[in-house]
$ cat start00.txt   # compact mmCIF, C-alpha atoms
# COMPACT_ATOMS: atom_id res chain seq x y z
CA MET A 1 90.83 350.19 279.92
CA TYR A 2 89.92 347.95 277.00
CA VAL A 3 88.76 344.33 276.93
CA VAL A 4 89.39 341.86 274.12
CA THR A 5 87.65 338.49 273.98
CA GLY A 6 89.66 335.88 272.11
CA ALA A 7 93.32 335.68 271.13
CA GLY A 8 93.02 334.62 267.52
CA PRO A 9 94.72 336.74 264.85
CA ILE A 10 92.24 339.60 265.20
CA GLY A 11 92.02 339.72 269.00
CA TRP A 12 95.78 339.32 269.39
CA THR A 13 96.50 342.11 266.89
CA ILE A 14 93.97 344.44 268.52
CA ALA A 15 95.60 343.87 271.92
CA GLU A 16 99.03 344.65 270.47
CA HIS A 17 97.69 347.74 268.71
CA LEU A 18 96.10 349.10 271.90
CA ALA A 19 99.19 348.36 273.99
CA GLY A 20 101.23 350.20 271.37
CA GLN A 21 99.01 353.22 272.03
CA GLY A 22 99.84 352.96 275.73
CA LYS A 23 96.40 351.57 276.65
CA ASN A 24 95.71 348.98 279.32
CA VAL A 25 94.18 345.82 277.88
CA ARG A 26 92.54 342.74 279.35
CA ILE A 27 92.45 339.81 276.95
CA LEU A 28 90.04 337.04 277.87
CA THR A 29 90.50 333.44 276.74
CA ARG A 30 89.93 329.96 278.12
CA SER A 31 93.67 329.24 277.81
CA GLY A 32 95.16 332.46 279.14
CA SER A 33 96.95 333.17 275.85
CA GLY A 34 97.73 336.54 274.33
CA PRO A 35 100.61 338.93 273.62
CA ASP A 36 103.37 339.32 276.18
CA HIS A 37 103.30 343.02 277.00
CA PRO A 38 103.35 344.90 280.33
CA LEU A 39 100.07 346.63 279.44
CA VAL A 40 98.29 343.40 278.48
CA GLU A 41 96.62 341.41 281.27
CA LYS A 42 95.86 337.85 280.16
CA LEU A 43 92.94 336.26 281.99
CA ARG A 44 91.45 332.76 281.86
CA VAL A 45 87.75 333.49 281.56
CA ASP A 46 84.65 331.84 280.19
CA VAL A 47 83.03 334.85 278.54
CA SER A 48 79.68 333.07 278.47
CA ASP A 49 79.54 333.52 282.27
CA PRO A 50 77.66 336.82 282.72
CA VAL A 51 78.69 337.25 286.36
CA ALA A 52 82.40 336.84 285.68
CA LEU A 53 82.20 338.97 282.57
CA GLY A 54 80.36 341.76 284.32
CA GLN A 55 83.10 342.04 286.94
CA ILE A 56 85.88 342.07 284.34
CA LEU A 57 84.19 344.72 282.19
CA ASP A 58 83.83 347.11 285.11
CA GLY A 59 85.68 350.26 284.08
CA ALA A 60 86.11 349.24 280.45
CA SER A 61 85.46 351.79 277.72
CA ALA A 62 85.23 349.25 274.89
CA VAL A 63 84.96 345.51 274.32
CA PHE A 64 86.33 343.90 271.18
CA HIS A 65 84.41 340.66 270.78
CA CYS A 66 86.62 338.44 268.63
CA ILE A 67 85.39 334.96 269.54
CA HIS A 68 83.90 332.76 266.84
CA GLY A 69 82.13 329.41 266.69
CA SER A 70 83.78 326.18 267.78
CA ALA A 71 83.38 324.78 264.25
CA TYR A 72 82.86 326.17 260.77
CA ARG A 73 79.32 324.87 260.67
CA ALA A 74 75.95 326.58 260.64
CA LYS A 75 74.69 324.32 263.43
CA ALA A 76 77.56 325.31 265.74
CA TRP A 77 77.19 328.99 264.90
CA ALA A 78 73.45 328.96 265.59
CA ALA A 79 73.94 327.19 268.93
CA GLU A 80 76.81 329.34 270.18
CA LEU A 81 77.10 332.79 268.64
CA PRO A 82 73.77 334.57 269.35
CA GLU A 83 73.86 333.81 273.08
CA ALA A 84 77.56 334.66 273.37
CA GLU A 85 77.00 338.04 271.75
CA ARG A 86 73.96 338.73 273.92
CA VAL A 87 75.92 338.05 277.11
CA VAL A 88 78.71 340.39 276.02
CA MET A 89 76.33 343.16 274.96
CA ASP A 90 74.35 342.87 278.20
CA ALA A 91 77.55 343.21 280.24
CA ALA A 92 78.72 346.10 278.07
CA VAL A 93 75.49 348.03 278.71
CA ALA A 94 76.03 347.68 282.45
CA ALA A 95 79.63 348.84 282.09
CA GLY A 96 78.84 351.68 279.70
CA ALA A 97 81.18 350.21 277.08
CA VAL A 98 80.84 350.04 273.30
CA VAL A 99 81.15 346.58 271.71
CA VAL A 100 83.13 346.29 268.48
CA PHE A 101 82.74 343.18 266.34
CA PRO A 102 84.79 341.92 263.41
CA GLU A 103 82.32 340.92 260.69
CA SER A 104 82.37 339.00 257.43
CA LEU A 105 80.75 339.67 254.06
CA TYR A 106 78.42 336.70 254.46
CA SER A 107 75.26 338.72 255.22
CA TYR A 108 75.39 340.73 251.99
CA SER A 109 72.58 339.54 249.75
CA GLU A 110 73.78 340.92 246.40
CA PRO A 111 77.34 339.54 246.25
CA ASP A 112 77.59 339.73 242.46
CA LYS A 113 77.63 343.53 242.73
CA ILE A 114 80.39 345.63 244.26
CA ILE A 115 79.65 345.44 248.00
CA THR A 116 79.50 348.80 249.79
CA GLU A 117 78.48 349.78 253.28
CA SER A 118 74.97 350.52 251.99
CA SER A 119 74.50 347.22 250.14
CA PRO A 120 71.58 345.10 251.41
CA ARG A 121 72.38 342.68 254.23
CA GLU A 122 69.50 340.21 253.95
CA ALA A 123 71.20 336.91 253.09
CA ALA A 124 69.23 333.91 254.33
CA GLY A 125 69.97 330.29 255.14
CA GLY A 126 73.03 328.54 256.55
CA LYS A 127 75.99 330.52 257.82
CA ARG A 128 74.98 333.55 255.75
CA GLY A 129 71.59 333.77 257.44
CA ILE A 130 73.18 333.48 260.88
CA ARG A 131 75.45 336.45 260.16
CA THR A 132 72.40 338.45 259.00
CA ALA A 133 70.56 337.60 262.23
CA LEU A 134 73.57 338.58 264.37
CA LEU A 135 73.77 342.00 262.73
CA LYS A 136 70.06 342.56 263.29
CA ALA A 137 70.37 341.50 266.94
CA ARG A 138 73.20 343.99 267.48
CA ALA A 139 71.13 346.78 265.96
CA ALA A 140 68.16 345.92 268.20
CA HIS A 141 70.16 345.65 271.44
CA PRO A 142 70.51 348.69 273.73
CA ALA A 143 74.30 348.34 273.69
CA ASP A 144 76.35 350.69 271.53
CA THR A 145 77.98 348.54 268.85
CA VAL A 146 80.12 348.79 265.75
CA SER A 147 80.52 345.97 263.22
CA VAL A 148 83.64 346.21 261.06
CA VAL A 149 83.41 344.10 257.92
CA ALA A 150 86.46 342.55 256.31
CA GLY A 151 87.07 340.47 253.22
CA ASP A 152 89.08 337.26 253.43
CA TYR A 153 91.88 338.23 255.71
CA PHE A 154 95.61 337.58 255.68
CA GLY A 155 98.64 338.63 257.65
CA PRO A 156 100.65 337.58 260.71
CA ARG A 157 98.84 334.94 262.79
CA ALA A 158 96.12 334.46 260.16
CA ARG A 159 96.47 330.71 259.87
CA LEU A 160 92.95 329.48 259.14
CA ALA A 161 92.40 331.55 256.02
CA HIS A 162 92.41 331.06 252.26
CA ALA A 163 95.53 333.24 252.13
CA GLY A 164 96.90 331.70 255.32
CA GLU A 165 98.15 328.17 255.94
CA ARG A 166 96.46 326.98 252.74
CA MET A 167 98.69 329.29 250.73
CA VAL A 168 101.69 331.04 252.29
CA PRO A 169 103.75 328.08 253.57
CA LEU A 170 103.14 326.27 250.27
CA VAL A 171 104.39 329.28 248.35
CA LEU A 172 107.47 329.48 250.56
CA SER A 173 108.27 325.80 250.07
CA GLY A 174 107.72 325.89 246.32
CA LYS A 175 104.69 323.60 246.42
CA THR A 176 101.53 323.90 244.34
CA VAL A 177 98.79 325.96 245.96
CA GLN A 178 95.25 324.61 245.71
CA VAL A 179 92.49 327.21 245.47
CA LEU A 180 88.73 326.89 245.35
CA GLY A 181 86.57 327.69 242.36
CA SER A 182 88.91 329.86 240.32
CA ALA A 183 92.43 331.24 240.46
CA ASP A 184 91.56 334.29 238.37
CA GLN A 185 88.39 335.88 239.76
CA ALA A 186 88.64 339.26 241.49
CA HIS A 187 88.38 338.84 245.27
CA SER A 188 88.73 341.16 248.26
CA PHE A 189 91.44 340.54 250.86
CA THR A 190 91.84 342.51 254.10
CA TYR A 191 95.14 342.74 255.98
CA VAL A 192 94.54 341.82 259.64
CA PRO A 193 96.42 344.84 261.09
CA ASP A 194 94.18 347.11 258.98
CA LEU A 195 91.07 345.41 260.38
CA ALA A 196 92.44 345.76 263.93
CA ALA A 197 93.27 349.44 263.40
CA ALA A 198 89.78 350.09 262.04
CA MET A 199 88.16 348.41 265.04
CA VAL A 200 90.26 350.39 267.51
CA THR A 201 89.59 353.65 265.71
CA ALA A 202 85.84 352.95 265.65
CA ALA A 203 85.84 352.23 269.39
CA GLN A 204 87.52 355.54 270.11
CA ARG A 205 85.20 357.62 267.90
CA PRO A 206 81.63 357.75 269.33
CA GLU A 207 80.33 359.32 266.12
CA LEU A 208 81.04 355.98 264.41
CA TRP A 209 79.12 353.87 266.92
CA ASN A 210 75.96 352.02 265.96
CA SER A 211 77.07 351.56 262.38
CA VAL A 212 78.49 348.97 260.02
CA LEU A 213 81.88 349.94 258.61
CA HIS A 214 84.19 348.32 256.09
CA ALA A 215 87.78 347.79 257.14
CA PRO A 216 90.23 349.47 254.77
CA THR A 217 90.71 346.78 252.16
CA LEU A 218 93.08 346.38 249.24
CA PRO A 219 91.89 346.71 245.65
CA PRO A 220 90.62 343.31 244.50
CA LEU A 221 93.15 340.59 243.80
CA THR A 222 92.85 337.16 242.25
CA MET A 223 94.13 334.14 244.14
CA ARG A 224 96.96 333.99 241.64
CA GLU A 225 97.88 337.61 242.27
CA ILE A 226 97.98 337.38 246.06
CA ALA A 227 99.97 334.12 245.95
CA THR A 228 102.40 335.80 243.55
CA ALA A 229 102.69 338.78 245.93
CA PHE A 230 103.81 336.41 248.69
CA ALA A 231 106.31 334.76 246.36
CA THR A 232 107.70 338.12 245.27
CA ALA A 233 108.07 339.22 248.89
CA ALA A 234 110.07 336.06 249.54
CA GLY A 235 112.23 336.51 246.44
CA LEU A 236 110.75 333.43 244.79
CA PRO A 237 109.32 332.78 241.31
CA ALA A 238 105.58 332.90 240.73
CA PRO A 239 103.92 329.91 242.38
CA LYS A 240 102.00 327.14 240.68
CA LEU A 241 98.27 327.01 241.41
CA SER A 242 95.73 324.26 240.91
CA VAL A 243 91.98 324.73 241.13
CA VAL A 244 89.52 322.58 243.06
CA PRO A 245 86.40 322.89 240.86
CA GLY A 246 83.12 323.74 242.46
CA TRP A 247 81.37 320.65 241.11
CA LEU A 248 83.87 318.43 242.94
CA LEU A 249 83.38 320.21 246.25
CA ARG A 250 79.60 320.02 245.88
CA THR A 251 79.83 316.31 245.10
CA LEU A 252 82.00 315.69 248.15
CA GLY A 253 79.47 317.66 250.17
CA LEU A 254 76.88 314.98 249.58
CA ALA A 255 78.81 312.74 251.97
CA SER A 256 80.81 315.22 254.07
CA THR A 257 79.39 317.91 256.34
CA ASP A 258 82.65 319.86 256.27
CA MET A 259 82.74 319.85 252.46
CA ARG A 260 79.07 320.86 252.34
CA GLU A 261 79.72 323.80 254.67
CA LEU A 262 82.62 324.89 252.48
CA ALA A 263 80.62 324.44 249.27
CA GLU A 264 77.97 326.82 250.66
CA MET A 265 80.46 329.67 250.23
CA LEU A 266 81.65 328.79 246.71
CA TYR A 267 79.85 331.80 245.29
CA GLN A 268 82.69 333.87 246.75
CA PHE A 269 85.32 332.04 244.70
CA GLU A 270 83.68 331.04 241.44
CA ARG A 271 82.67 334.61 240.58
CA GLN A 272 83.86 338.13 241.30
CA PHE A 273 83.53 338.88 245.02
CA VAL A 274 84.57 342.45 245.73
CA MET A 275 83.97 344.94 248.54
CA ASP A 276 84.50 348.71 248.44
CA SER A 277 85.79 350.32 251.64
CA SER A 278 86.26 353.87 250.34
CA ALA A 279 83.39 355.40 252.34
CA SER A 280 84.65 353.90 255.61
CA GLU A 281 88.22 354.91 254.81
CA ARG A 282 87.08 358.52 254.66
CA LEU A 283 85.36 358.18 258.04
CA LEU A 284 88.27 356.34 259.67
CA GLY A 285 90.93 358.58 258.18
CA PHE A 286 93.19 355.93 256.67
CA GLY A 287 93.40 353.40 253.86
CA PRO A 288 94.78 349.89 253.50
CA THR A 289 98.42 348.99 253.95
CA PRO A 290 100.08 348.68 250.52
CA LEU A 291 100.20 345.11 249.24
CA THR A 292 103.99 344.97 249.05
CA GLU A 293 104.30 345.96 252.72
CA ALA A 294 101.51 343.65 253.89
CA ALA A 295 102.85 340.69 251.88
CA ALA A 296 106.37 341.23 253.24
CA ALA A 297 105.15 341.27 256.86
CA THR A 298 103.05 338.16 256.25
CA VAL A 299 105.93 336.27 254.68
CA ALA A 300 108.27 337.33 257.49
CA TRP A 301 105.87 335.95 260.10
CA TRP A 302 105.36 332.66 258.28
CA SER A 303 109.11 332.30 257.68
CA LEU A 304 109.71 332.69 261.41
CA CYS A 305 107.02 330.10 262.16
CA THR A 306 108.60 327.66 259.72
CA ALA A 307 112.04 328.21 261.18
CA ASN A 308 110.70 327.51 264.68
CA THR A 309 108.83 324.27 263.91
CA PRO A 310 110.34 321.15 265.52
CA GLN A 311 111.01 319.44 262.21
CA ASN A 312 113.23 322.31 261.19
CA ALA A 313 115.04 322.64 264.50
CA SER A 314 118.75 321.90 264.37
$ encode --input "start00.txt" --output "structure tokens"
Amino acid sequence: MYVVTGAGPIGWTIAEHLAGQGKNVRILTRSGSGPDHPLVEKLRVDVSDPVALGQILDGASAVFHCIHGSAYRAKAWAAELPEAERVVMDAAVAAGAVVVFPESLYSYSEPDKIITESSPREAAGGKRGIRTALLKARAAHPADTVSVVAGDYFGPRARLAHAGERMVPLVLSGKTVQVLGSADQAHSFTYVPDLAAAMVTAAQRPELWNSVLHAPTLPPLTMREIATAFATAAGLPAPKLSVVPGWLLRTLGLASTDMRELAEMLYQFERQFVMDSSASERLLGFGPTPLTEAAAATVAWWSLCTANTPQNAS
């Protein structure tokens, strides 16, 4: 039996992937959401409650911890994430389960170089420093863990992403797409089903435990190239892009916490920001889904969402 915390795009996709393998899955959320599947048990649970969590993890072989902070702010992350991870890892030790985490590139401290699994993870300050501290806490905890790093992700259900609701529905409606920093810098994008598959594979392979892996990730793309891939998948002409310059975002950050938190990550968009997943692909035994296939599936999901919105209902 497997346990998934959170039903965002990653948790939901992991649950579907496991159910497709014929595995029993418990997905834990405050709302009781998750995929409708006979092998998926959807439970309303506060995963910060160690007593409740301990009972639910009894008999589990792996926990996929896919819950993030309540806000995209360093203050919220620092207040919420370390304790939440500790509670899950403590319960996993008692259950004898491995904990698998999705992870970002934020902790890498030499982002101007190609980022590999062996690149230094010593970034300090703000959200980057919090991710560094979380990785160190996982390594120091007695629980078996695996952290699977992804670039900016995209795919079905990936709404809150640079290649999600900020891009795909605009491409499909022929509107101009606004991007941060630059439209033409190389950037790494990870397809959510590839991240989910990597996390499931890592959970099922004890020789991969207690490591940091990179999810199989596409060769680097510019914002213009990935937006064009979505347009091509939809049979549309290349989209128009406009750029929000970094200086503007930094200026807005003087008066807006949200803009300041976003400006902190501008280094990822004003310059090349590329990860290499080749070493992990060899360990996992598979590579990324081809861009044409991933873009087509993403467009199909967003097209269905658009068709089902109330304003488009007939």
$ axis_aligned_box --input "start00.txt" --around "stretch 35-43 of chain A" --padding-each-side "4 Å" --output "lines of an AutoDock Vina configuration file"
center_x = 98.2
center_y = 341.4
center_z = 277.8
size_x = 18.4
size_y = 18.4
size_z = 16.4
$ closest_residue --input "start00.txt" --among "A:Val243, A:Val168, A:Leu284, A:Ala234" --to "A:Asp184" --atoms "all atoms listed in the file"
A:Val243
$ residues_around --input "start00.txt" --residues "A:Ala203" --least-positions-apart "5" --cutoff "8 Å" --atoms "all atoms listed in the file" --output "PDB file with C-alpha atoms, in the frame of the given file"
ATOM      1  CA  ALA A  62      85.230 349.250 274.890  1.00  0.00           C
ATOM      2  CA  VAL A  98      80.840 350.040 273.300  1.00  0.00           C
ATOM      3  CA  VAL A  99      81.150 346.580 271.710  1.00  0.00           C
ATOM      4  CA  VAL A 100      83.130 346.290 268.480  1.00  0.00           C
ATOM      5  CA  VAL A 146      80.120 348.790 265.750  1.00  0.00           C
ATOM      6  CA  LEU A 208      81.040 355.980 264.410  1.00  0.00           C
ATOM      7  CA  TRP A 209      79.120 353.870 266.920  1.00  0.00           C
TER       8      TRP A 209
END
$ residues_around --input "start00.txt" --residues "A:Glu225" --least-positions-apart "2" --cutoff "10 Å" --atoms "all atoms listed in the file" --output "JSON, numbers by chain"
{"A": [183, 184, 185, 186, 220, 221, 222, 223, 227, 228, 229, 230, 231, 238, 239]}
$ closest_residue --input "start00.txt" --among "A:Ser173, A:Gln204, A:Ser118, A:Asn308" --to "A:Pro237" --atoms "all atoms listed in the file"
A:Ser173
$ atom_distance --input "start00.txt" --atom1 "atom CA of A:Met89" --atom2 "atom CA of A:Ile14"
18.8 Å
$ closest_residue --input "start00.txt" --among "A:Ala158, A:Pro169, A:Glu110, A:Arg128" --to "A:Thr306" --atoms "all atoms listed in the file"
A:Pro169
$ residues_around --input "start00.txt" --residues "A:Ser70" --least-positions-apart "4" --cutoff "12 Å" --atoms "only C-alpha atoms" --output "PyMOL selection string"
chain A and resi 74-81+84
$ atom_distance --input "start00.txt" --atom1 "atom CA of A:Ala60" --atom2 "atom CA of A:Arg26"
9.2 Å
$ atom_distance --input "start00.txt" --atom1 "atom CA of A:His214" --atom2 "atom CA of A:Leu57"
26.3 Å
$ closest_residue --input "start00.txt" --among "A:Gly155, A:Pro82, A:Gly246, A:Gly34" --to "A:Val179" --atoms "all atoms listed in the file"
A:Gly246
$ closest_residue --input "start00.txt" --among "A:Val4, A:Leu180, A:Ala94, A:Ala295" --to "A:Tyr153" --atoms "all atoms listed in the file"
A:Ala295
$ residues_near_point --input "start00.txt" --point "(69.6, 344.3, 272.8)" --cutoff "10 Å" --atoms "only C-alpha atoms" --output "PyMOL selection string"
chain A and resi 85-87+89-90+93+136-144
$ closest_residue --input "start00.txt" --among "A:Ser182, A:Gln55, A:Gln21, A:Ser61" --to "A:Met1" --atoms "all atoms listed in the file"
A:Ser61
